[in-house]
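In what follows, a single structure is set out as structure tokens and then discussed.
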Amino acid sequence: MSSTELPSALASTVTPRVGTVRVAPGERLRSVGLPGVTLTVRSRPPAREGPPPALYVHGLGGSSQNWSALMSLLDGLVDSEALDLPGFGDSPPPDDGNYSVTGHARAVIRYLDAAERGPVHLFGNSLGGAVSTRVAAVRPDLVRTLTLISPALPELRAQRTAWPTALLSVPGVARLFTRLTKDWNAEQRVRGVMALCYGDPGMVTPDGFREAVEEMERRLALPYFWDAMTRSARGLVNAYTLGGQHGLWRQAERVLAPTLLVYGGRDQLVGYRMAQRAVRAFRDCRLLSLPEAGHVAMMEYPETVATAFRELLADTDELTSPATATGAGS
């Protein structure tokens with residue numbers, strides 16, 4: 001049993017309510033209880049009846065809020081729902097403490113099976129990209145298209161700026177980092193995250209920055225915050241070492257769904273050079289390269305991503321009604 005599968009003492013306790021999660025206009029939040037896990041789901045009821053379902057999966061340290069801008073632009077094109085992965089956003093830790101990529105993928109599959117929403121247009125960013133790749137590979141019946149934004153697929157030579165994330169997975173490092181940064185306030189932490197994740201942090205509006213600081217303050221008050229971060233980082237590193245049919249690149253080759261790949265030229269966490277390897281791995285894919293984008297293109301350039309997704313639907317005959325033109329942002 002890997003360290004990511006060890007039961008967490010916090011999983012069996014009552015999760016404290018430490019603050020209110022932001023809900024954008026037109027969005028709703030609900031809690032869904034499933035075997036072994038409880039997930040918070042952010043939804044955006046569609047502007048018209050009958051659009052196909054879509055599900056969005058965030059990255060390490062993120063939440064369903066990361067998708068709000070894109071969900072708004074796709075209103076009417078798809079019926080959008082975004083998950084908070086176990087231990088992130090407003091979702092409590094999983095009962096078994098399993099934060100591996102497989103554990104997160106299992107949570108996504110359990111939700112889709114229980115909700116009977118599949119097949120969905122599946123979106124994933126960073127860690128969520130690795131999770132979504134695994135879901136699409138092992139349960140092709142649940143995925144009609146796959147959109148991956150800076151997916152965290154294995155790199156032999158990771159960028160130097162990505163090393164801190166990998167180091168976070170080393171036992172004891174998170175505890176040391178917490179001690180060394182105990183005097184950092186939420187604003188300082190958010191500035192550091194944005195400097196790492198955005199191609200140009202200056203794109204963030206004052207309101208967006210204020211909301212991010214409020215969310216950081218809320219998360220830092222959660223007793224399991226660092227546990228979820230470190231175990232998920234460890235789970236991602238462990239997934240990079242898997243070979244054979246369980247390797248993420250091998251699973252990428254098994255994906256049948258038409259795939260949109262989005263890579264940013266200023267991404268400090270996922271190498272821009274990995275785009276060409278991804279194009280070779282996914283059998284039915286198209287590539288959107290954004291030279292000025294960082295790690296979260298759906299937050300930096302949501303209109304461009306929305307337009308590329310609409311083109312994916314048109315190319316794959318998934319865009320079937322003129323009414324869908326209302327939500328594409330083009």
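Here's how to read the names in the structure tokens: chain A, B, ... by the order shown, residue numbers from 1 in each chain, ligand numbers from 1 in the order shown.
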
Taking the backbone alone, and naming residues the way the document does, which bits of segment 55-288 of chain A are alpha helix (DSSP H) by DSSP, as an MDAnalysis selection string? chainID A and resid 68:73 101:115 127:138 163:168 173:180 186:197 206:220 225:241 248:254 274:281

Could you name the residues that touch segment 201-206 of chain A at 8 Å or less, counting only C-alpha atoms, but leaving out those on the same chain fewer than 5 positions away, as a list of chain:residue names?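 Near segment 201-206 of chain A, the qualifying residues are A:Met194, A:Ala195, A:Glu300.
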
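If only C-alpha atoms are the atoms counted, then among A:Val296, A:Leu196, A:Ala82, A:Leu146 the closest residue to Phe123 of chain A is A:Leu146.
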
Contacts of segment 249-254 of chain A within 12 Å, only C-alpha atoms, excl. fewer than 4 positions in-chain, as a ChimeraX atom specification: /A:129-140,146,148,151-156,239-245,258-259,261,274,277-285

Just list the residues in segment 110-313 of chain A DSSP gives strand (DSSP E) on the backbone, as a list of chain:residue names.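 For segment 110-313 of chain A, the strand (DSSP E) set is A:Val120, A:His121, A:Leu122, A:Phe123, A:Gly124, A:Asn125, A:Val143, A:Arg144, A:Thr145, A:Leu146, A:Thr147, A:Leu148, A:Ile149, A:Thr259, A:Leu260, A:Leu261, A:Val262, A:Tyr263, A:Gly264, A:Cys285, A:Arg286, A:Leu287, A:Leu288, A:Ser289, A:Leu290.
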
Per residue of segment 126-149 of chain A within 12 Å of segment 310-314 of chain A, record the nearest atom pair and its distance in Å to one decimal, counting only C-alpha atoms, with rows in chain order and ascending residue number, as a Markdown table.
```
| residue | atom | partner | partner_atom | distance |
| --- | --- | --- | --- | --- |
| A:Arg144 | CA | A:Leu313 | CA | 10.0 |
| A:Thr145 | CA | A:Leu313 | CA | 8.3 |
| A:Leu146 | CA | A:Leu312 | CA | 9.7 |
| A:Thr147 | CA | A:Leu312 | CA | 9.2 |
```

Atoms to include: all heavy atoms. Write the selected residues as an mmCIF file, in the first residue's frame.
```
data_model
loop_
_atom_site.group_PDB
_atom_site.id
_atom_site.type_symbol
_atom_site.label_atom_id
_atom_site.label_comp_id
_atom_site.auth_asym_id
_atom_site.auth_seq_id
_atom_site.Cartn_x
_atom_site.Cartn_y
_atom_site.Cartn_z
ATOM 1 N N ARG A 144 -17.481 11.867 -23.762
ATOM 2 C CA ARG A 144 -17.752 12.083 -25.186
ATOM 3 C C ARG A 144 -16.689 12.946 -25.843
ATOM 4 O O ARG A 144 -16.349 12.739 -27.008
ATOM 5 C CB ARG A 144 -19.155 12.642 -25.412
ATOM 6 C CG ARG A 144 -19.469 13.978 -24.876
ATOM 7 C CD ARG A 144 -20.878 14.422 -25.339
ATOM 8 N NE ARG A 144 -21.934 13.784 -24.578
ATOM 9 C CZ ARG A 144 -23.203 13.696 -24.973
ATOM 10 N NH1 ARG A 144 -23.565 14.185 -26.141
ATOM 11 N NH2 ARG A 144 -24.104 13.124 -24.214
ATOM 12 N N THR A 145 -16.141 13.929 -25.133
ATOM 13 C CA THR A 145 -14.943 14.647 -25.573
ATOM 14 C C THR A 145 -14.098 14.923 -24.332
ATOM 15 O O THR A 145 -14.604 14.925 -23.205
ATOM 16 C CB THR A 145 -15.232 15.997 -26.280
ATOM 17 O OG1 THR A 145 -15.764 16.930 -25.330
ATOM 18 C CG2 THR A 145 -16.172 15.820 -27.451
ATOM 19 N N LEU A 146 -12.809 15.173 -24.569
ATOM 20 C CA LEU A 146 -11.876 15.424 -23.477
ATOM 21 C C LEU A 146 -11.107 16.713 -23.775
ATOM 22 O O LEU A 146 -10.522 16.851 -24.854
ATOM 23 C CB LEU A 146 -10.902 14.252 -23.351
ATOM 24 C CG LEU A 146 -9.853 14.290 -22.245
ATOM 25 C CD1 LEU A 146 -10.510 14.271 -20.860
ATOM 26 C CD2 LEU A 146 -8.882 13.112 -22.384
ATOM 27 N N THR A 147 -11.129 17.652 -22.836
ATOM 28 C CA THR A 147 -10.372 18.895 -22.981
ATOM 29 C C THR A 147 -9.381 18.981 -21.832
ATOM 30 O O THR A 147 -9.773 19.003 -20.661
ATOM 31 C CB THR A 147 -11.304 20.126 -22.962
ATOM 32 O OG1 THR A 147 -12.196 20.061 -24.087
ATOM 33 C CG2 THR A 147 -10.495 21.412 -23.051
#
```

What is the distance, in Å and to one decimal place, between atom CA of Glu215 of chain A and atom CA of Ser68 of chain A?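 Distance reported for this atom pair: 14.2 Å.
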
Considering only C-alpha atoms, state which residue in the set A:Glu116, A:Asp90, A:Asp95, A:Glu303 is at the smallest distance from Arg219 of chain A. A:Asp90

So which residues touch Ala69 of chain A within 8 Å, counting only C-alpha atoms, skipping near sequence neighbours fewer than 3 positions away, as number ranges by chain? A: 66, 72-73, 298-299, 302
